[in-house]
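Participant: Sharing a structure with you now.
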Amino acid sequence: MVSAATVPLTREASSPVGIRAQIRGVSHHYPTPGGGLLHVLDDVTFTVEPGECVALLGPSGCGKSTLLRLLAGLEQPGRGKIGADGVRIVGPDPSRLLVFQDPTLYPWRTVRQNVGLGLEARGIADRARRVDEVLHLVGLDGFADAYPNQLSGGMAQRAALARVLVNDPRLLLLDEPLGKLDALTRMTMQAELLRLWQNAGFTTLLVTHDVEEALLLAQRVLVFTPRPARIAASFEVGLDYPRHRDDRHFVELRRRILEVVGHSDIL
Amino acid sequence: MNDIAHYAPDLPAIAAADRQAAREAPPFWTTGAVAATVWLAGSAINYHWPDLSPWARTPLLAMAQGALGVLLLGAAIFGGRTRQVRYFHPAGRWLVALGALLTVWVVLTAKTALLPLPFFPPPQSILEVYTDDYARLLESLWYSAWLLVPGFVAGALAGFGAGVAIGWSRTVHYWGHPILRIVGPLPATAWLPVAFFFFPSANSASIFLIALSTGFPVAVLTASGISGVNSAYYDIARTLGANERFLIARIAIPAALPSVFVGLFMGLGASFAVLIVAEMMGVKAGLGFYLQWAQGWAAYANLYGVLILMALLFSGLISLLFLVRDRVLAWQKELVRW
């Protein structure tokens, strides 16, 4: 038995940076233009521990992105419960932030104004220093006053990342964030995402189509079935960082995941 | 990230290259010299070839032609290196053509009357309109401005407000959009008889009609701009903590601005039409009224004079609008050039 007096009450001990994300029996559907219903999620249940990085793999259009939208609080699930640290999610909050495949920067705002938007929206006046710090963190020093159409794809995605990081998110929802980048930029950014996650300690959910990306970054990989999405398999990766693509366990895990993904259409 | 740190353009080097290019530019501006010759020749023809029936402003026009010719000659010989002169280089062929055209016009009218009066007044008679009737022209300009500016500003503001409301709110869209669709396409000039009846003065009626003609395209394009905004823009802003006011003011409106400016451009064009018609029909002052008056007296020189003035004025106003747009939308590549 350890008394409170002997344990230093650091932030890590009392309240971890990362959120515990809970998905309990969640089903969801969208109305179709023809008047029918598109069933996208079917009784999905899993928990992401504080500070954990979990990858969601599955065929496109299966409903993984919907799951992220639900966690962001942009929509309410048709059935089931979505919670953060045991509290039901009823709306968006700057502690749970999304990054899309498309950087979706506001083209009329400079990089600085884009990155500072969250602080501006919440009425925080002293933004410049914090924005500069985060721009430095993602390697965009010197680009604060550029407009989005002056940036390359990789730089734009860095700016989009900075725009969420500046708010100190506790849950980062990445929806194929590197999907549109060229192979080299993607590899660099994978390493940087890993570094950011390891340093900041937020919980991360990463939707991706790339099995290697999932294995490079995530501690756990959830494989989904085609629509309506159910969890087909869960893999604990259990490898030390940084991981190597030619590592024996890495290759073995990739083979097993691809087996599930390859057969998931008949599951 | 070293490759990225080198992004900043090397301004001193660019400036040095500019100076170098200026030194290497041919000192003699050939097209300018041709233009100078054409204008000087035109001046000589106009001055020495007697008019069929003397026009009071022939010497003044000849002098103006000559002055422009001398100016062009100076620029061609001495100014080839200065930035001010190089600014006019692209206009070189136009300067040649205009000088020639003016001379042909002078010869066909004042000198030979191959193009008969009163329908084809010589340029010296139009110049006479400006030198002798400038007070009435300025007065007309002033009266027109007093209809156009308040009408356009009121219409633009009302149209913008209506457009934002229709584009943002489902309820306002439900009630407002059908009205806009049915009533909007009516030309504002069709309201003229009704407006003159309902408003206390022809002036206030005209301002209302100009506002109406401006407001309709601005409202339609603002609304469609707002409802066309990428929904991901809203999703991201909402997660970042934006409330509805922030979404409208900082996301919806800036995103719709390119479309709003198209509406303002269309509205400005429509407002010119209404201005002139309103002044011809009811208001007893302004450029449209001057036009009407000139036609009534078969004063064709005055007619052309005021037409030229109107063309310059309206073109200037549209250029001004595009200048404002380019400032406001500096982040965007130009869509419509003027």
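How things are named: the first chain in the structure tokens is A, the next is B, and so on; residues count from 1 in each chain; ligands count from 1 in the order shown.
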Could you pull the residues within 12 Å of Gly79 in chain B, counting only C-alpha atoms, minus those fewer than 3 positions along the same chain, as a VMD selection string?

Facilitator: chain B and resid 22 to 23 25 to 30 32 to 33 71 to 76 82 to 89

Participant: Could you save the residues just selected, with C-alpha atoms, as a PDB file, in the first residue's frame?

Facilitator:
```
ATOM      1  CA  ALA B  22      17.780  47.988 -67.294  1.00  0.00           C
ATOM      2  CA  ARG B  23      21.361  48.785 -68.310  1.00  0.00           C
ATOM      3  CA  ALA B  25      17.833  47.289 -72.347  1.00  0.00           C
ATOM      4  CA  PRO B  26      18.112  48.971 -75.754  1.00  0.00           C
ATOM      5  CA  PRO B  27      18.329  52.696 -75.060  1.00  0.00           C
ATOM      6  CA  PHE B  28      16.227  53.497 -78.114  1.00  0.00           C
ATOM      7  CA  TRP B  29      12.497  52.686 -78.086  1.00  0.00           C
ATOM      8  CA  THR B  30      11.684  52.036 -81.755  1.00  0.00           C
ATOM      9  CA  GLY B  32       7.847  54.835 -79.401  1.00  0.00           C
ATOM     10  CA  ALA B  33       9.670  56.667 -82.161  1.00  0.00           C
ATOM     11  CA  LEU B  71       6.736  63.659 -75.449  1.00  0.00           C
ATOM     12  CA  LEU B  72       6.879  60.282 -77.197  1.00  0.00           C
ATOM     13  CA  LEU B  73       9.946  61.326 -79.167  1.00  0.00           C
ATOM     14  CA  GLY B  74      11.715  62.357 -75.970  1.00  0.00           C
ATOM     15  CA  ALA B  75      10.768  59.086 -74.306  1.00  0.00           C
ATOM     16  CA  ALA B  76      11.939  57.078 -77.328  1.00  0.00           C
ATOM     17  CA  THR B  82      14.032  54.536 -67.186  1.00  0.00           C
ATOM     18  CA  ARG B  83      11.431  52.384 -65.549  1.00  0.00           C
ATOM     19  CA  GLN B  84       8.705  55.005 -66.148  1.00  0.00           C
ATOM     20  CA  VAL B  85       9.131  54.744 -69.896  1.00  0.00           C
ATOM     21  CA  ARG B  86       9.494  50.970 -69.935  1.00  0.00           C
ATOM     22  CA  TYR B  87       6.131  50.860 -68.168  1.00  0.00           C
ATOM     23  CA  PHE B  88       4.576  52.265 -71.368  1.00  0.00           C
ATOM     24  CA  HIS B  89       6.444  49.973 -73.768  1.00  0.00           C
TER      25      HIS B  89
END
```

Participant: Contacts between chain B and chain A, please, where a residue of chain A counts if it comes within 7 Å (with only C-alpha atoms); show its shortest atom pair and distance in Å to one decimal, rows by chain and ascending number, as a Markdown table.

Facilitator:
```
| residue | atom | partner | partner_atom | distance |
| --- | --- | --- | --- | --- |
| A:Ala72 | CA | B:Thr239 | CA | 6.9 |
| A:Leu74 | CA | B:Asp235 | CA | 7.0 |
| A:Pro92 | CA | B:Thr239 | CA | 4.8 |
| A:Asp93 | CA | B:Thr239 | CA | 5.4 |
| A:Pro94 | CA | B:Leu240 | CA | 4.8 |
| A:Leu97 | CA | B:Thr239 | CA | 6.1 |
| A:Thr104 | CA | B:Tyr233 | CA | 6.8 |
| A:Pro107 | CA | B:Trp331 | CA | 6.8 |
| A:Trp108 | CA | B:Trp331 | CA | 5.5 |
| A:Gly118 | CA | B:Leu240 | CA | 4.6 |
| A:Ala121 | CA | B:Ala242 | CA | 4.9 |
| A:Arg122 | CA | B:Gly241 | CA | 6.0 |
| A:Gly139 | CA | B:Met1 | CA | 6.4 |
| A:Gly142 | CA | B:Ala5 | CA | 6.4 |
| A:Tyr147 | CA | B:Trp331 | CA | 6.4 |
```

Participant: Would you save the residues from that selection as a compact mmCIF listing (two decimals), in the first residue's frame, using N, CA, C and O atoms?

Facilitator:
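This is the output file part-v3.txt:
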```
# COMPACT_ATOMS: atom_id res chain seq x y z
N ALA A 72 -14.29 12.50 -32.59
CA ALA A 72 -14.07 13.94 -32.59
C ALA A 72 -15.29 14.69 -32.08
O ALA A 72 -15.23 15.88 -31.78
N LEU A 74 -18.01 15.14 -33.90
CA LEU A 74 -18.69 15.83 -35.00
C LEU A 74 -20.05 15.19 -35.30
O LEU A 74 -20.91 15.82 -35.90
N PRO A 92 -17.75 18.39 -30.28
CA PRO A 92 -16.32 18.57 -30.52
C PRO A 92 -15.63 19.28 -29.35
O PRO A 92 -16.28 20.00 -28.60
N ASP A 93 -14.35 19.04 -29.22
CA ASP A 93 -13.58 19.67 -28.16
C ASP A 93 -12.13 19.75 -28.61
O ASP A 93 -11.62 18.81 -29.22
N PRO A 94 -11.46 20.85 -28.31
CA PRO A 94 -10.07 21.02 -28.77
C PRO A 94 -9.09 19.99 -28.19
O PRO A 94 -7.93 19.96 -28.59
N LEU A 97 -8.62 16.04 -31.60
CA LEU A 97 -8.50 16.74 -32.88
C LEU A 97 -8.21 15.79 -34.05
O LEU A 97 -7.57 14.77 -33.90
N THR A 104 -6.50 20.49 -45.94
CA THR A 104 -7.63 21.36 -45.64
C THR A 104 -7.21 22.60 -44.88
O THR A 104 -7.85 22.99 -43.92
N PRO A 107 -7.21 28.59 -47.33
CA PRO A 107 -6.29 29.19 -48.30
C PRO A 107 -6.14 30.71 -48.13
O PRO A 107 -5.17 31.26 -48.61
N TRP A 108 -7.10 31.35 -47.46
CA TRP A 108 -7.01 32.81 -47.31
C TRP A 108 -6.22 33.19 -46.07
O TRP A 108 -6.04 34.36 -45.77
N GLY A 118 -7.11 27.68 -33.75
CA GLY A 118 -7.73 27.13 -32.55
C GLY A 118 -7.61 28.08 -31.36
O GLY A 118 -8.57 28.30 -30.63
N ALA A 121 -9.91 31.03 -32.00
CA ALA A 121 -11.32 30.72 -31.80
C ALA A 121 -11.66 30.66 -30.32
O ALA A 121 -12.80 30.93 -29.93
N ARG A 122 -10.68 30.30 -29.51
CA ARG A 122 -10.96 30.22 -28.06
C ARG A 122 -10.58 31.50 -27.35
O ARG A 122 -10.54 31.56 -26.13
N GLY A 139 9.03 21.58 -38.30
CA GLY A 139 10.01 21.91 -39.33
C GLY A 139 9.52 22.92 -40.35
O GLY A 139 9.87 22.84 -41.52
N GLY A 142 10.24 29.72 -40.73
CA GLY A 142 10.43 30.56 -41.91
C GLY A 142 9.25 30.53 -42.87
O GLY A 142 9.26 31.22 -43.87
N TYR A 147 1.36 31.54 -47.80
CA TYR A 147 -0.02 31.10 -47.97
C TYR A 147 -0.02 29.62 -48.37
O TYR A 147 0.95 29.15 -48.98
```

Participant: Need to verify the contact set: Glu139 in chain B, 12 Å, only C-alpha atoms, exclusion of same-chain residues closer than 2 positions in sequence. Can you return it as JSON, numbers by chain?

Facilitator: {"B": [133, 134, 135, 136, 137, 141, 142, 143, 144, 145, 146, 284, 285, 286, 287, 289, 290]}

Participant: For Phe202 in chain A, which of A:Glu236, A:Asp145, A:Glu75, A:Glu49 is the closest residue, counting only C-alpha atoms?

Facilitator: A:Glu49

Participant: Would you work out the distance separating CA of Gly80 in chain A from CA of Ile19 in chain A, expressed in Å to one decimal?

Facilitator: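 A separation of 19.1 Å between them.
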
Participant: For Arg96 in chain A, find every residue with an atom within 7 Å (counting only C-alpha atoms), except residues of its own chain fewer than 4 positions away, and show them as a JSON list (two decimals) with N, CA, C and O atoms, in the first residue's frame.

Facilitator:
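This went into part08.json:
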```json
[["chain", "number", "residue", "atom", "x", "y", "z"],
["A", 72, "ALA", "N", -14.29, 12.50, -32.59],
["A", 72, "ALA", "CA", -14.07, 13.94, -32.59],
["A", 72, "ALA", "C", -15.29, 14.69, -32.08],
["A", 72, "ALA", "O", -15.23, 15.88, -31.78],
["A", 169, "PRO", "N", -3.43, 18.64, -27.99],
["A", 169, "PRO", "CA", -4.53, 17.67, -27.99],
["A", 169, "PRO", "C", -4.18, 16.48, -27.10],
["A", 169, "PRO", "O", -3.01, 16.16, -26.89],
["A", 170, "ARG", "N", -5.22, 15.84, -26.59],
["A", 170, "ARG", "CA", -5.02, 14.64, -25.77],
["A", 170, "ARG", "C", -5.36, 13.39, -26.56],
["A", 170, "ARG", "O", -5.01, 12.29, -26.18],
["A", 171, "LEU", "N", -6.11, 13.58, -27.64],
["A", 171, "LEU", "CA", -6.42, 12.47, -28.53],
["A", 171, "LEU", "C", -6.24, 12.97, -29.96],
["A", 171, "LEU", "O", -6.87, 13.94, -30.38],
["A", 172, "LEU", "N", -5.34, 12.32, -30.69],
["A", 172, "LEU", "CA", -5.07, 12.73, -32.06],
["A", 172, "LEU", "C", -5.69, 11.71, -33.00],
["A", 172, "LEU", "O", -5.41, 10.52, -32.91]]
```

Participant: Among range 4-178 of chain A, which ones does DSSP assign to strand (DSSP E) (computed from the backbone)? Answer as a PyMOL selection string.

Facilitator: chain A and resi 21-31+37-48+53-57+79-84+87-88+96-99+171-175

Participant: Determine which residues of range 38-118 of chain B receive a DSSP assignment of helix (DSSP H, G or I), computed from the backbone, and state them as number ranges by chain.

Facilitator: B: 38-48, 58-78, 83-111

Participant: Measuring between only C-alpha atoms, which one of A:Leu117, A:Leu222, A:Leu57, A:Leu194 shows the shortest distance to Ala162 in chain A?

Facilitator: A:Leu117

Participant: Give me, please, the distance in Å between CA of Leu221 in chain B and CA of Phe261 in chain B, quoted to one decimal.

Facilitator: 8.4 Å

Participant: So that I can check the surroundings of Leu303 in chain B, please list as a list of chain:residue names every protein, DNA and RNA residue that reaches within 10 Å of it, counting only C-alpha atoms and ignoring chain neighbours fewer than 3 positions away.

Facilitator: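 Final neighbour list, sorted by chain and number: B:Pro121, B:Ile126, B:Val129, B:Tyr290, B:Leu291, B:Gln292, B:Trp293, B:Ala294, B:Gln295, B:Trp297, B:Ala298, B:Ala299, B:Tyr300, B:Val306, B:Leu307, B:Ile308, B:Leu309.
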
Participant: Give the answer as one residue: which of A:Thr203, A:Gln101, A:Ser234, A:Thr66 has the shortest atom-to-atom distance to Gln22 in chain A, using only C-alpha atoms?

Facilitator: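 Among the listed residues, A:Thr203 lies closest to Gln22 in chain A.
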
Participant: If we count only C-alpha atoms and set the cut-off at 10 Å, which residues sit around Glu52 in chain A, ignoring sequence neighbours fewer than 5 positions away in its own chain? Please answer as a PyMOL selection string.

Facilitator: chain A and resi 18-21+47+171+197-198+201-205+218-220
